[in-house]
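Below is one structure, written out as structure tokens; the observations come after it.
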Amino acid sequence: MALYVQKYGGTSVGTIERIEAVADKLKTFHEQGHQLVVAVSAMSGETNRLISLAKGISDSPSPREMDVLVSTGEQVTIALLAMALDKRGIHARSFTGWQVGIKTDNAFMKARIEDIETSKMREVLDAGGICIVAGFQGIDGDNNITTLGRGGSDTTGVALAAALKADECQIYTDVDGVYTTDPRVVPAARRMDKVTFEEMLEMASLGSKVLQIRSVEFAGKYKVPLRVLSSFKEGNGTLITTEETSSVENPVISGIAFNRDEAKVTVKGVPDVPGVASRILVPVSAANIEVDMIIQNVSDDGSTDFTFTVHRNDYKKALKILSELATELNAKSVSGTDDICKVSMVGVGMRSHAGVASKMFETLANESVNILAITTSEIKISVVIEEKYLELAVRALHTAFGLDAEVTEEQ
Ligand code: ADP
Ligand code: ASP
Ligand code: MG
């Protein structure tokens, strides 16, 4: 008998039929004698619907009220799932974040979990029941409702597993594991049986939304065994592991991640003098805008061009700040674009292999894809390219680095 925390995502609970199917699945685990705590997302599309209602009222709604609003989606699902279990004769109790004692900091819309009380959940488990907990939400020190950022139910699942010292945290979703890249973009993507925490962290932070990055950080920190599985298909899914498989079995590249939420701002013709980078970037960070990549061109006539990338949501704000500063900076012009994306290759095997970058650049050049910016770290290389080339670039790299699955009947 094991204690499992299972998390079911939006698509897995997207209709009444699917909620009934999840209840059937839980019944089977329950009958096998396992103890279950279940975190659920809002029904698919619901969080987006709620956000668009808010946008109908204001362009910049209060973050506190946004959290009151968007947290309601998950409350619907917990009640429906508890009813479905009840119908099957299984004792089940639903809990919102505050009812179960998920304490967070007060950063609305991106709160971090600080503590979880387990007594309520233990009571239900001890009585032979199943606990159903609303994902994505918690409560701060002043009893305000908070949410954990998009995709945050993954983090609820992992945090519950850490607090309860569960045997495994199982993330049930609409794909049957973590793939070498998003299988919706590359049909030849391959499911991995195992992926290291280090690689999963990079993939999640570089745009693979199969797991919210904080859930991976949390699982790494508290040593929670974490697995991604399909709600619809049998199988063992993908285990996120601390073990580093030997580089003989390990391909140089494990996966390719991409992110469309990118934009870049270029300040042209600024005097190339000490302090120019800080004069451009300090006002941007003062406005709470996170800068990702930075490129400064080599200067020839004593002036230089300075480019940086930001999240697409912050693009207009960053462009406005620098346009207003252009005269003060002695810049010739300030321009930008938000039709770019970032493609990243990730792999612990990169540490012991040279030539990955040159092969990546050559592959993109063969497809006539122009690289606008590059960054590297020990286990990843990222490039910024025009968004219209995203699919082409990811597919070409996937093939070039030998990641394509062998074609089987099923595919
Ligand atoms: P849920 O609603 O269950 O939380 P998400 O939509 O947040 O599901 O995450 C699952 C999706 O993540 C998949 O449908 C897939 O399109 C996408 N995805 C992106 N990168 C990967 C990857 N490397 N492996 C698997 N899925 C990925
Ligand atoms: N419902 C939230 C979202 O759509 C949280 C989640 O699904 O993980 O982002
Ligand atoms: Mg998700």
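Scheme for the structure tokens: letters A, B, ... for chains in order shown; per-chain residue numbers from 1; ligand numbers from 1 in order shown.
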Extract the full set of strand (DSSP E or B) residues from stretch 76-251 of chain A according to DSSP on the backbone, and format it as a PyMOL selection string. chain A and resi 92-95+102-104+113-116+130-134+137-139+145-147+168-173+179+191+194-196+226-230+238-241
Give as a PyMOL selection string the residues surrounding ligand 2 up to a distance of 7 Å, considering only C-alpha atoms and all ligand atoms. chain A and resi 9-10+41-42+47-48+73-74+135-136+149-154
Dump N, CA, C and O atoms for the selected residues as a PDB file, in the first residue's frame?
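Contents of the output file again.pdb:
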ATOM      1  N   GLY A   9      -4.756  17.465 -14.604  1.00  0.00           N
ATOM      2  CA  GLY A   9      -4.768  18.772 -15.266  1.00  0.00           C
ATOM      3  C   GLY A   9      -6.096  19.085 -15.941  1.00  0.00           C
ATOM      4  O   GLY A   9      -7.027  18.256 -15.941  1.00  0.00           O
ATOM      5  N   GLY A  10      -6.181  20.278 -16.511  1.00  0.00           N
ATOM      6  CA  GLY A  10      -7.422  20.805 -17.072  1.00  0.00           C
ATOM      7  C   GLY A  10      -8.115  19.906 -18.090  1.00  0.00           C
ATOM      8  O   GLY A  10      -9.332  19.700 -18.016  1.00  0.00           O
ATOM      9  N   SER A  41      -6.924  20.678 -11.370  1.00  0.00           N
ATOM     10  CA  SER A  41      -6.967  21.987 -12.042  1.00  0.00           C
ATOM     11  C   SER A  41      -8.416  22.359 -12.321  1.00  0.00           C
ATOM     12  O   SER A  41      -9.315  21.529 -12.184  1.00  0.00           O
ATOM     13  N   ALA A  42      -8.595  23.569 -12.813  1.00  0.00           N
ATOM     14  CA  ALA A  42      -9.899  23.984 -13.332  1.00  0.00           C
ATOM     15  C   ALA A  42     -10.171  23.211 -14.624  1.00  0.00           C
ATOM     16  O   ALA A  42      -9.233  22.753 -15.281  1.00  0.00           O
ATOM     17  N   THR A  47      -9.822  28.778 -16.726  1.00  0.00           N
ATOM     18  CA  THR A  47      -8.971  29.857 -16.201  1.00  0.00           C
ATOM     19  C   THR A  47      -8.849  30.970 -17.248  1.00  0.00           C
ATOM     20  O   THR A  47      -8.950  32.158 -16.914  1.00  0.00           O
ATOM     21  N   ASN A  48      -8.687  30.589 -18.510  1.00  0.00           N
ATOM     22  CA  ASN A  48      -8.615  31.609 -19.572  1.00  0.00           C
ATOM     23  C   ASN A  48      -9.925  32.395 -19.656  1.00  0.00           C
ATOM     24  O   ASN A  48      -9.913  33.607 -19.857  1.00  0.00           O
ATOM     25  N   GLY A  73     -12.128  28.520 -10.472  1.00  0.00           N
ATOM     26  CA  GLY A  73     -12.189  27.407 -11.430  1.00  0.00           C
ATOM     27  C   GLY A  73     -11.930  26.070 -10.752  1.00  0.00           C
ATOM     28  O   GLY A  73     -12.661  25.085 -10.959  1.00  0.00           O
ATOM     29  N   GLU A  74     -10.919  26.031  -9.918  1.00  0.00           N
ATOM     30  CA  GLU A  74     -10.539  24.779  -9.263  1.00  0.00           C
ATOM     31  C   GLU A  74     -11.594  24.338  -8.242  1.00  0.00           C
ATOM     32  O   GLU A  74     -11.758  23.148  -7.988  1.00  0.00           O
ATOM     33  N   GLY A 135      -6.106  22.729  -6.809  1.00  0.00           N
ATOM     34  CA  GLY A 135      -4.744  23.112  -7.183  1.00  0.00           C
ATOM     35  C   GLY A 135      -4.654  24.617  -7.357  1.00  0.00           C
ATOM     36  O   GLY A 135      -5.662  25.337  -7.302  1.00  0.00           O
ATOM     37  N   PHE A 136      -3.414  25.135  -7.521  1.00  0.00           N
ATOM     38  CA  PHE A 136      -3.195  26.490  -8.016  1.00  0.00           C
ATOM     39  C   PHE A 136      -3.426  27.588  -6.973  1.00  0.00           C
ATOM     40  O   PHE A 136      -3.138  28.738  -7.219  1.00  0.00           O
ATOM     41  N   GLY A 149       0.536  31.121 -10.096  1.00  0.00           N
ATOM     42  CA  GLY A 149       1.050  31.305 -11.463  1.00  0.00           C
ATOM     43  C   GLY A 149       0.477  30.237 -12.368  1.00  0.00           C
ATOM     44  O   GLY A 149       0.108  29.147 -11.903  1.00  0.00           O
ATOM     45  N   ARG A 150       0.407  30.543 -13.686  1.00  0.00           N
ATOM     46  CA  ARG A 150      -0.204  29.605 -14.630  1.00  0.00           C
ATOM     47  C   ARG A 150       0.480  28.239 -14.545  1.00  0.00           C
ATOM     48  O   ARG A 150       1.695  28.145 -14.404  1.00  0.00           O
ATOM     49  N   GLY A 151      -0.329  27.211 -14.594  1.00  0.00           N
ATOM     50  CA  GLY A 151       0.208  25.854 -14.482  1.00  0.00           C
ATOM     51  C   GLY A 151       0.515  25.460 -13.038  1.00  0.00           C
ATOM     52  O   GLY A 151       1.129  24.420 -12.786  1.00  0.00           O
ATOM     53  N   GLY A 152       0.055  26.287 -12.086  1.00  0.00           N
ATOM     54  CA  GLY A 152       0.459  26.117 -10.684  1.00  0.00           C
ATOM     55  C   GLY A 152      -0.082  24.887  -9.970  1.00  0.00           C
ATOM     56  O   GLY A 152       0.402  24.541  -8.882  1.00  0.00           O
ATOM     57  N   SER A 153      -1.070  24.201 -10.571  1.00  0.00           N
ATOM     58  CA  SER A 153      -1.575  22.997  -9.894  1.00  0.00           C
ATOM     59  C   SER A 153      -0.510  21.906  -9.820  1.00  0.00           C
ATOM     60  O   SER A 153      -0.539  21.069  -8.914  1.00  0.00           O
ATOM     61  N   ASP A 154       0.432  21.929 -10.758  1.00  0.00           N
ATOM     62  CA  ASP A 154       1.540  20.963 -10.684  1.00  0.00           C
ATOM     63  C   ASP A 154       2.284  21.174  -9.363  1.00  0.00           C
ATOM     64  O   ASP A 154       2.655  20.214  -8.674  1.00  0.00           O
TER      65      ASP A 154
END
What does the distance between atom CA of A:Leu226 and atom CA of A:Met121 come to in Å, to one decimal place? 20.2 Å
Kindly compile the residues surrounding ligand 1 within 8 Å, counting only C-alpha atoms and all ligand atoms, and format them as a ChimeraX atom specification. /A:8-12,41,44,151,153-154,171-185,191,203,207-212,255-257
Write out the residues from the selection above, keeping N, CA, C and O atoms, as a compact mmCIF listing (two decimals), in the first residue's frame.
# COMPACT_ATOMS: atom_id res chain seq x y z
N TYR A 8 -4.45 15.99 -11.51
CA TYR A 8 -5.12 15.88 -12.80
C TYR A 8 -5.28 17.28 -13.41
O TYR A 8 -5.86 18.17 -12.78
N GLY A 9 -4.76 17.47 -14.60
CA GLY A 9 -4.77 18.77 -15.27
C GLY A 9 -6.10 19.08 -15.94
O GLY A 9 -7.03 18.26 -15.94
N GLY A 10 -6.18 20.28 -16.51
CA GLY A 10 -7.42 20.81 -17.07
C GLY A 10 -8.11 19.91 -18.09
O GLY A 10 -9.33 19.70 -18.02
N THR A 11 -7.35 19.34 -19.02
CA THR A 11 -7.98 18.50 -20.05
C THR A 11 -8.50 17.22 -19.43
O THR A 11 -9.54 16.69 -19.84
N SER A 12 -7.78 16.73 -18.41
CA SER A 12 -8.18 15.47 -17.76
C SER A 12 -9.49 15.60 -17.00
O SER A 12 -10.13 14.59 -16.70
N SER A 41 -6.92 20.68 -11.37
CA SER A 41 -6.97 21.99 -12.04
C SER A 41 -8.42 22.36 -12.32
O SER A 41 -9.32 21.53 -12.18
N SER A 44 -10.67 22.49 -18.44
CA SER A 44 -9.84 23.17 -19.45
C SER A 44 -10.57 24.38 -20.05
O SER A 44 -11.76 24.33 -20.32
N GLY A 151 -0.33 27.21 -14.59
CA GLY A 151 0.21 25.85 -14.48
C GLY A 151 0.51 25.46 -13.04
O GLY A 151 1.13 24.42 -12.79
N SER A 153 -1.07 24.20 -10.57
CA SER A 153 -1.57 23.00 -9.89
C SER A 153 -0.51 21.91 -9.82
O SER A 153 -0.54 21.07 -8.91
N ASP A 154 0.43 21.93 -10.76
CA ASP A 154 1.54 20.96 -10.68
C ASP A 154 2.28 21.17 -9.36
O ASP A 154 2.66 20.21 -8.67
N ILE A 171 1.77 13.23 -11.90
CA ILE A 171 1.12 14.32 -12.64
C ILE A 171 0.41 13.70 -13.84
O ILE A 171 1.06 13.28 -14.81
N TYR A 172 -0.90 13.61 -13.74
CA TYR A 172 -1.68 13.04 -14.86
C TYR A 172 -2.09 14.16 -15.81
O TYR A 172 -2.65 15.17 -15.39
N THR A 173 -1.77 13.97 -17.09
CA THR A 173 -2.05 15.04 -18.06
C THR A 173 -2.53 14.44 -19.39
O THR A 173 -2.95 13.28 -19.42
N ASP A 174 -2.48 15.24 -20.46
CA ASP A 174 -3.02 14.76 -21.73
C ASP A 174 -1.94 14.16 -22.65
O ASP A 174 -2.19 13.87 -23.80
N VAL A 175 -0.71 14.05 -22.16
CA VAL A 175 0.35 13.33 -22.89
C VAL A 175 0.87 12.24 -21.96
O VAL A 175 0.76 12.38 -20.74
N ASP A 176 1.46 11.19 -22.52
CA ASP A 176 1.82 10.06 -21.66
C ASP A 176 3.25 10.13 -21.12
O ASP A 176 3.88 9.13 -20.87
N GLY A 177 3.73 11.36 -20.93
CA GLY A 177 5.05 11.53 -20.33
C GLY A 177 5.74 12.75 -20.88
O GLY A 177 5.12 13.55 -21.60
N VAL A 178 7.00 12.89 -20.50
CA VAL A 178 7.80 14.00 -21.01
C VAL A 178 8.45 13.52 -22.30
O VAL A 178 9.06 12.45 -22.34
N TYR A 179 8.30 14.31 -23.34
CA TYR A 179 8.84 13.96 -24.65
C TYR A 179 10.11 14.77 -24.94
O TYR A 179 10.40 15.75 -24.26
N THR A 180 10.80 14.34 -25.99
CA THR A 180 12.02 15.05 -26.39
C THR A 180 11.72 16.49 -26.79
O THR A 180 12.58 17.35 -26.71
N THR A 181 10.51 16.74 -27.23
CA THR A 181 10.01 18.11 -27.42
C THR A 181 8.49 18.02 -27.45
O THR A 181 7.94 16.92 -27.34
N ASP A 182 7.81 19.15 -27.55
CA ASP A 182 6.35 19.13 -27.53
C ASP A 182 5.82 18.25 -28.67
O ASP A 182 5.99 18.59 -29.84
N PRO A 183 5.17 17.12 -28.35
CA PRO A 183 4.70 16.23 -29.41
C PRO A 183 3.64 16.87 -30.31
O PRO A 183 3.38 16.37 -31.41
N ARG A 184 3.05 17.97 -29.87
CA ARG A 184 2.07 18.65 -30.74
C ARG A 184 2.77 19.40 -31.88
O ARG A 184 2.15 19.67 -32.91
N VAL A 185 4.02 19.75 -31.67
CA VAL A 185 4.76 20.47 -32.71
C VAL A 185 5.60 19.51 -33.54
O VAL A 185 5.75 19.67 -34.75
N ARG A 191 8.87 9.77 -26.31
CA ARG A 191 8.69 9.82 -24.86
C ARG A 191 9.95 9.30 -24.19
O ARG A 191 10.57 8.35 -24.66
N MET A 203 14.27 22.43 -19.21
CA MET A 203 13.18 22.34 -20.19
C MET A 203 11.98 23.18 -19.74
O MET A 203 11.40 23.92 -20.52
N GLY A 207 10.40 26.77 -21.51
CA GLY A 207 9.11 26.82 -22.21
C GLY A 207 8.31 25.53 -22.30
O GLY A 207 7.19 25.55 -22.76
N SER A 208 8.88 24.37 -21.85
CA SER A 208 8.09 23.13 -21.93
C SER A 208 7.06 23.13 -20.81
O SER A 208 7.40 22.86 -19.66
N LYS A 209 5.82 23.42 -21.16
CA LYS A 209 4.84 23.66 -20.08
C LYS A 209 4.25 22.37 -19.51
O LYS A 209 3.30 22.41 -18.73
N VAL A 210 4.81 21.22 -19.87
CA VAL A 210 4.28 19.97 -19.33
C VAL A 210 4.39 19.94 -17.80
O VAL A 210 3.53 19.35 -17.13
N LEU A 211 5.38 20.62 -17.24
CA LEU A 211 5.46 20.79 -15.79
C LEU A 211 5.79 22.25 -15.49
O LEU A 211 6.66 22.84 -16.14
N GLN A 212 5.10 22.83 -14.50
CA GLN A 212 5.44 24.19 -14.11
C GLN A 212 6.82 24.16 -13.45
O GLN A 212 7.10 23.27 -12.64
N GLY A 255 16.52 17.01 -24.98
CA GLY A 255 15.26 17.58 -25.42
C GLY A 255 15.41 18.96 -26.02
O GLY A 255 16.46 19.61 -25.90
N ILE A 256 14.35 19.39 -26.69
CA ILE A 256 14.31 20.72 -27.29
C ILE A 256 13.08 21.45 -26.72
O ILE A 256 11.97 20.92 -26.78
N ALA A 257 13.33 22.61 -26.14
CA ALA A 257 12.22 23.40 -25.59
C ALA A 257 12.09 24.67 -26.42
O ALA A 257 13.04 25.09 -27.08
Using only C-alpha atoms, determine which residues lie at most 9 Å from stretch 330-335 of chain A, disregarding the query and same-chain residues fewer than 3 positions distant; provide the list as a tab-separated table (two decimals) with N, CA, C and O atoms, in the first residue's frame.
chain	number	residue	atom	x	y	z
A	264	LYS	N	11.78	41.50	-28.38
A	264	LYS	CA	13.09	42.14	-28.20
A	264	LYS	C	13.02	43.64	-28.47
A	264	LYS	O	12.20	44.10	-29.28
A	265	VAL	N	13.86	44.34	-27.76
A	265	VAL	CA	13.94	45.79	-27.89
A	265	VAL	C	15.37	46.14	-28.28
A	265	VAL	O	16.31	45.59	-27.70
A	266	THR	N	15.54	47.02	-29.28
A	266	THR	CA	16.89	47.42	-29.71
A	266	THR	C	17.05	48.93	-29.57
A	266	THR	O	16.19	49.70	-30.03
A	267	VAL	N	18.12	49.32	-28.91
A	267	VAL	CA	18.46	50.73	-28.80
A	267	VAL	C	19.63	50.94	-29.76
A	267	VAL	O	20.69	50.35	-29.57
A	268	LYS	N	19.42	51.72	-30.81
A	268	LYS	CA	20.45	51.86	-31.86
A	268	LYS	C	21.26	53.13	-31.66
A	268	LYS	O	20.73	54.16	-31.25
A	269	GLY	N	22.56	53.00	-31.98
A	269	GLY	CA	23.43	54.18	-32.03
A	269	GLY	C	23.61	54.90	-30.72
A	269	GLY	O	23.55	56.13	-30.67
A	270	VAL	N	23.80	54.14	-29.62
A	270	VAL	CA	24.10	54.80	-28.33
A	270	VAL	C	25.62	54.93	-28.20
A	270	VAL	O	26.35	54.04	-28.63
A	271	PRO	N	26.11	56.03	-27.58
A	271	PRO	CA	27.55	56.17	-27.40
A	271	PRO	C	28.12	54.99	-26.62
A	271	PRO	O	27.55	54.59	-25.60
A	303	SER	N	29.86	54.36	-31.44
A	303	SER	CA	28.49	54.12	-30.97
A	303	SER	C	28.16	52.65	-31.17
A	303	SER	O	28.82	51.96	-31.96
A	305	ASP	N	24.95	49.31	-30.88
A	305	ASP	CA	23.53	48.92	-30.80
A	305	ASP	C	23.38	47.94	-29.65
A	305	ASP	O	24.22	47.04	-29.49
A	319	LEU	N	9.33	48.98	-24.32
A	319	LEU	CA	9.54	49.85	-25.48
A	319	LEU	C	9.21	51.31	-25.13
A	319	LEU	O	9.94	52.24	-25.51
A	322	LEU	N	12.01	52.91	-22.91
A	322	LEU	CA	13.23	53.28	-23.62
A	322	LEU	C	12.99	54.36	-24.68
A	322	LEU	O	13.86	55.19	-24.93
A	323	SER	N	11.80	54.37	-25.27
A	323	SER	CA	11.51	55.44	-26.23
A	323	SER	C	11.56	56.78	-25.51
A	323	SER	O	12.07	57.77	-26.04
A	325	LEU	N	13.35	57.46	-23.01
A	325	LEU	CA	14.72	57.74	-22.57
A	325	LEU	C	15.68	58.00	-23.73
A	325	LEU	O	16.85	58.31	-23.50
A	326	ALA	N	15.19	57.82	-24.97
A	326	ALA	CA	16.09	57.84	-26.14
A	326	ALA	C	16.95	59.11	-26.20
A	326	ALA	O	18.17	59.03	-26.40
A	327	THR	N	16.34	60.28	-25.97
A	327	THR	CA	17.10	61.53	-26.07
A	327	THR	C	18.18	61.58	-24.98
A	327	THR	O	19.34	61.87	-25.25
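The coordinates place atom CA of A:Arg214 at 28.4 Å from atom CA of A:Phe401.
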All residues 9 Å or closer to A:Leu125, only C-alpha atoms, same chain fewer than 4 positions away omitted, as number ranges by chain: A: 35-37, 120-121, 129-131
Could you save those same residues with N, CA and C atoms as a compact mmCIF listing (two decimals), in the first residue's frame?
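selection38.txt, written as the output of this step:
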# COMPACT_ATOMS: atom_id res chain seq x y z
N GLN A 35 -3.50 4.90 -0.57
CA GLN A 35 -4.07 6.13 -0.03
C GLN A 35 -3.87 7.23 -1.08
N LEU A 36 -4.89 8.05 -1.25
CA LEU A 36 -4.85 9.03 -2.35
C LEU A 36 -5.18 10.44 -1.90
N VAL A 37 -4.31 11.37 -2.28
CA VAL A 37 -4.63 12.79 -2.18
C VAL A 37 -4.56 13.30 -3.61
N LYS A 120 -5.90 17.86 8.36
CA LYS A 120 -7.22 17.62 7.74
C LYS A 120 -7.12 16.45 6.74
N MET A 121 -6.06 16.46 5.96
CA MET A 121 -5.90 15.40 4.95
C MET A 121 -5.70 14.05 5.63
N GLY A 129 -10.74 7.55 3.34
CA GLY A 129 -11.28 8.36 2.25
C GLY A 129 -10.22 8.92 1.31
N ILE A 130 -10.70 9.61 0.28
CA ILE A 130 -9.81 10.27 -0.68
C ILE A 130 -9.94 11.78 -0.50
N CYS A 131 -8.80 12.47 -0.46
CA CYS A 131 -8.80 13.93 -0.32
C CYS A 131 -8.70 14.57 -1.68
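Proximity to ligand 3 was assessed for A:Thr196, A:Thr363, A:Ser215, A:Asn370 counting only C-alpha atoms and all ligand atoms; the smallest distance is recorded for A:Ser215.
Note that atom CA of A:Val5 and atom CA of A:Glu17 are 22.1 Å apart.
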Give me the residues near A:Asp261 as a ChimeraX atom specification, where near means some atom within 10 Å (using only C-alpha atoms) and where sequence neighbours in that chain fewer than 3 positions away do not count. /A:207,258,310-315,338-342,387
How would the residues just chosen look if you wrote them out with all heavy atoms as a short mmCIF file (atom, residue, chain, number, x, y, z; two decimals), in the first residue's frame?
data_model
loop_
_atom_site.label_atom_id
_atom_site.label_comp_id
_atom_site.auth_asym_id
_atom_site.auth_seq_id
_atom_site.Cartn_x
_atom_site.Cartn_y
_atom_site.Cartn_z
N GLY A 207 10.40 26.77 -21.51
CA GLY A 207 9.11 26.82 -22.21
C GLY A 207 8.31 25.53 -22.30
O GLY A 207 7.19 25.55 -22.76
N PHE A 258 10.90 25.25 -26.40
CA PHE A 258 10.75 26.53 -27.10
C PHE A 258 9.74 27.40 -26.38
O PHE A 258 8.91 26.91 -25.60
CB PHE A 258 10.33 26.31 -28.56
CG PHE A 258 9.13 25.43 -28.72
CD1 PHE A 258 7.85 25.95 -28.58
CD2 PHE A 258 9.28 24.10 -28.99
CE1 PHE A 258 6.74 25.15 -28.71
CE2 PHE A 258 8.17 23.27 -29.12
CZ PHE A 258 6.90 23.80 -28.97
N VAL A 310 12.68 40.36 -23.61
CA VAL A 310 11.79 40.37 -22.44
C VAL A 310 10.59 39.46 -22.74
O VAL A 310 10.38 39.06 -23.89
CB VAL A 310 11.25 41.79 -22.13
CG1 VAL A 310 12.36 42.72 -21.67
CG2 VAL A 310 10.51 42.39 -23.32
N HIS A 311 9.81 39.17 -21.72
CA HIS A 311 8.56 38.44 -21.92
C HIS A 311 7.63 39.30 -22.78
O HIS A 311 7.60 40.53 -22.62
CB HIS A 311 7.91 38.14 -20.57
CG HIS A 311 6.78 37.16 -20.65
ND1 HIS A 311 5.53 37.50 -21.12
CD2 HIS A 311 6.73 35.85 -20.36
CE1 HIS A 311 4.75 36.44 -21.10
NE2 HIS A 311 5.46 35.41 -20.64
N ARG A 312 6.88 38.65 -23.66
CA ARG A 312 6.00 39.40 -24.58
C ARG A 312 5.01 40.30 -23.83
O ARG A 312 4.67 41.38 -24.31
CB ARG A 312 5.26 38.41 -25.47
CG ARG A 312 5.12 38.89 -26.87
CD ARG A 312 4.53 37.84 -27.76
NE ARG A 312 5.53 37.14 -28.53
CZ ARG A 312 5.23 36.27 -29.49
NH1 ARG A 312 3.98 35.98 -29.76
NH2 ARG A 312 6.20 35.67 -30.15
N ASN A 313 4.59 39.87 -22.65
CA ASN A 313 3.65 40.70 -21.86
C ASN A 313 4.27 42.04 -21.46
O ASN A 313 3.55 42.98 -21.16
CB ASN A 313 3.26 39.98 -20.56
CG ASN A 313 2.33 38.83 -20.81
OD1 ASN A 313 1.80 38.70 -21.91
ND2 ASN A 313 2.16 37.97 -19.80
N ASP A 314 5.60 42.08 -21.37
CA ASP A 314 6.27 43.30 -20.91
C ASP A 314 6.79 44.14 -22.07
O ASP A 314 7.42 45.18 -21.86
CB ASP A 314 7.46 42.94 -20.00
CG ASP A 314 7.00 42.36 -18.69
OD1 ASP A 314 5.94 42.80 -18.19
OD2 ASP A 314 7.69 41.47 -18.15
N TYR A 315 6.56 43.68 -23.29
CA TYR A 315 7.18 44.31 -24.46
C TYR A 315 6.80 45.79 -24.61
O TYR A 315 7.65 46.66 -24.70
CB TYR A 315 6.80 43.51 -25.72
CG TYR A 315 7.14 44.19 -27.01
CD1 TYR A 315 8.45 44.55 -27.29
CD2 TYR A 315 6.16 44.47 -27.96
CE1 TYR A 315 8.78 45.18 -28.48
CE2 TYR A 315 6.47 45.10 -29.14
CZ TYR A 315 7.78 45.45 -29.40
OH TYR A 315 8.10 46.07 -30.57
N ASP A 338 7.83 41.79 -31.52
CA ASP A 338 7.41 40.69 -30.64
C ASP A 338 7.04 39.46 -31.47
O ASP A 338 6.31 38.60 -31.01
CB ASP A 338 6.26 41.11 -29.71
CG ASP A 338 5.00 41.47 -30.45
OD1 ASP A 338 5.03 41.50 -31.70
OD2 ASP A 338 3.98 41.71 -29.79
N ASP A 339 7.60 39.39 -32.70
CA ASP A 339 7.32 38.17 -33.48
C ASP A 339 8.54 37.24 -33.48
O ASP A 339 8.89 36.66 -34.49
CB ASP A 339 6.87 38.53 -34.91
CG ASP A 339 7.93 39.36 -35.64
OD1 ASP A 339 9.01 39.58 -35.06
OD2 ASP A 339 7.66 39.78 -36.78
N ILE A 340 9.15 37.13 -32.32
CA ILE A 340 10.31 36.24 -32.19
C ILE A 340 10.00 35.12 -31.20
O ILE A 340 9.00 35.19 -30.47
CB ILE A 340 11.56 37.01 -31.71
CG1 ILE A 340 11.28 37.72 -30.37
CG2 ILE A 340 12.03 37.99 -32.76
CD1 ILE A 340 12.52 38.15 -29.64
N CYS A 341 10.84 34.12 -31.18
CA CYS A 341 10.67 33.03 -30.22
C CYS A 341 12.05 32.51 -29.83
O CYS A 341 13.05 32.87 -30.47
CB CYS A 341 9.83 31.91 -30.82
SG CYS A 341 10.63 31.12 -32.20
N LYS A 342 12.09 31.69 -28.79
CA LYS A 342 13.37 31.16 -28.34
C LYS A 342 13.33 29.64 -28.46
O LYS A 342 12.38 29.01 -28.03
CB LYS A 342 13.60 31.58 -26.89
CG LYS A 342 14.93 31.10 -26.34
CD LYS A 342 15.32 31.87 -25.08
CE LYS A 342 14.56 31.40 -23.87
NZ LYS A 342 15.02 32.06 -22.64
N GLU A 387 9.53 34.05 -35.14
CA GLU A 387 8.55 33.07 -34.71
C GLU A 387 8.03 32.22 -35.86
O GLU A 387 7.72 31.03 -35.69
CB GLU A 387 7.37 33.76 -34.01
CG GLU A 387 6.48 32.76 -33.30
CD GLU A 387 5.24 33.38 -32.68
OE1 GLU A 387 5.09 34.62 -32.71
OE2 GLU A 387 4.41 32.60 -32.18
#
Compile the contact shell of A:Val68 as a VMD selection string: residues with an atom at most 12 Å away, counting only C-alpha atoms, same-chain residues fewer than 4 positions apart removed. chain A and resid 47 50 to 51 54 61 to 64 72 to 75 97 108 to 109 136 to 139 143 to 147
Tell me, counting only C-alpha atoms, for each residue of stretch 249-314 of chain A within 12 Å of stretch 353-360 of chain A, which pair of atoms is nearest and how far apart they are in Å to one decimal, in rows ordered by chain and increasing number, as CSV.
residue,atom,partner,partner_atom,distance
A:Asn250,CA,A:His353,CA,11.5
A:Pro251,CA,A:His353,CA,10.1
A:Val252,CA,A:His353,CA,6.9
A:Ile253,CA,A:Val356,CA,8.5
A:Ile256,CA,A:Met360,CA,11.4
Kindly export the residues of the current selection with N, CA, C and O atoms, as a compact mmCIF listing (two decimals), in the first residue's frame.
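What follows is the written file selection_1.txt:
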# COMPACT_ATOMS: atom_id res chain seq x y z
N ASN A 250 23.23 7.92 -22.70
CA ASN A 250 22.63 9.24 -22.78
C ASN A 250 22.93 9.94 -24.10
O ASN A 250 24.08 10.08 -24.47
N PRO A 251 21.92 10.40 -24.79
CA PRO A 251 22.24 11.18 -25.98
C PRO A 251 22.82 12.53 -25.55
O PRO A 251 22.62 12.96 -24.41
N VAL A 252 23.51 13.19 -26.45
CA VAL A 252 24.10 14.49 -26.11
C VAL A 252 22.99 15.49 -25.79
O VAL A 252 23.05 16.24 -24.83
N ILE A 253 21.95 15.43 -26.61
CA ILE A 253 20.80 16.31 -26.40
C ILE A 253 19.63 15.47 -25.91
O ILE A 253 19.30 14.45 -26.53
N ILE A 256 14.35 19.39 -26.69
CA ILE A 256 14.31 20.72 -27.29
C ILE A 256 13.08 21.45 -26.72
O ILE A 256 11.97 20.92 -26.78
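For the choices A:Ile78, A:Val228, A:Ala400, A:Met192, the atom-to-atom distance to ligand 3 is smallest for A:Val228 when using only C-alpha atoms and all ligand atoms.
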Write out as a PyMOL selection string each polymer residue whose atoms come within 9 Å of A:Ala393, counting only C-alpha atoms; drop sequence neighbours fewer than 4 positions from it. chain A and resi 343+363-364+367+369+385+389+397-398
Just C-alpha atoms for this one: save the residues we selected as an mmCIF file, in the first residue's frame.
data_model
loop_
_atom_site.group_PDB
_atom_site.id
_atom_site.type_symbol
_atom_site.label_atom_id
_atom_site.label_comp_id
_atom_site.auth_asym_id
_atom_site.auth_seq_id
_atom_site.Cartn_x
_atom_site.Cartn_y
_atom_site.Cartn_z
ATOM 1 C CA VAL A 343 14.445 27.618 -29.203
ATOM 2 C CA THR A 363 21.307 22.971 -39.068
ATOM 3 C CA LEU A 364 19.482 26.296 -38.796
ATOM 4 C CA GLU A 367 17.035 25.799 -43.332
ATOM 5 C CA VAL A 369 16.768 30.377 -40.411
ATOM 6 C CA ILE A 385 14.709 33.344 -34.160
ATOM 7 C CA TYR A 389 10.392 29.612 -38.336
ATOM 8 C CA LEU A 397 17.040 20.211 -34.939
ATOM 9 C CA HIS A 398 15.075 17.231 -33.651
#
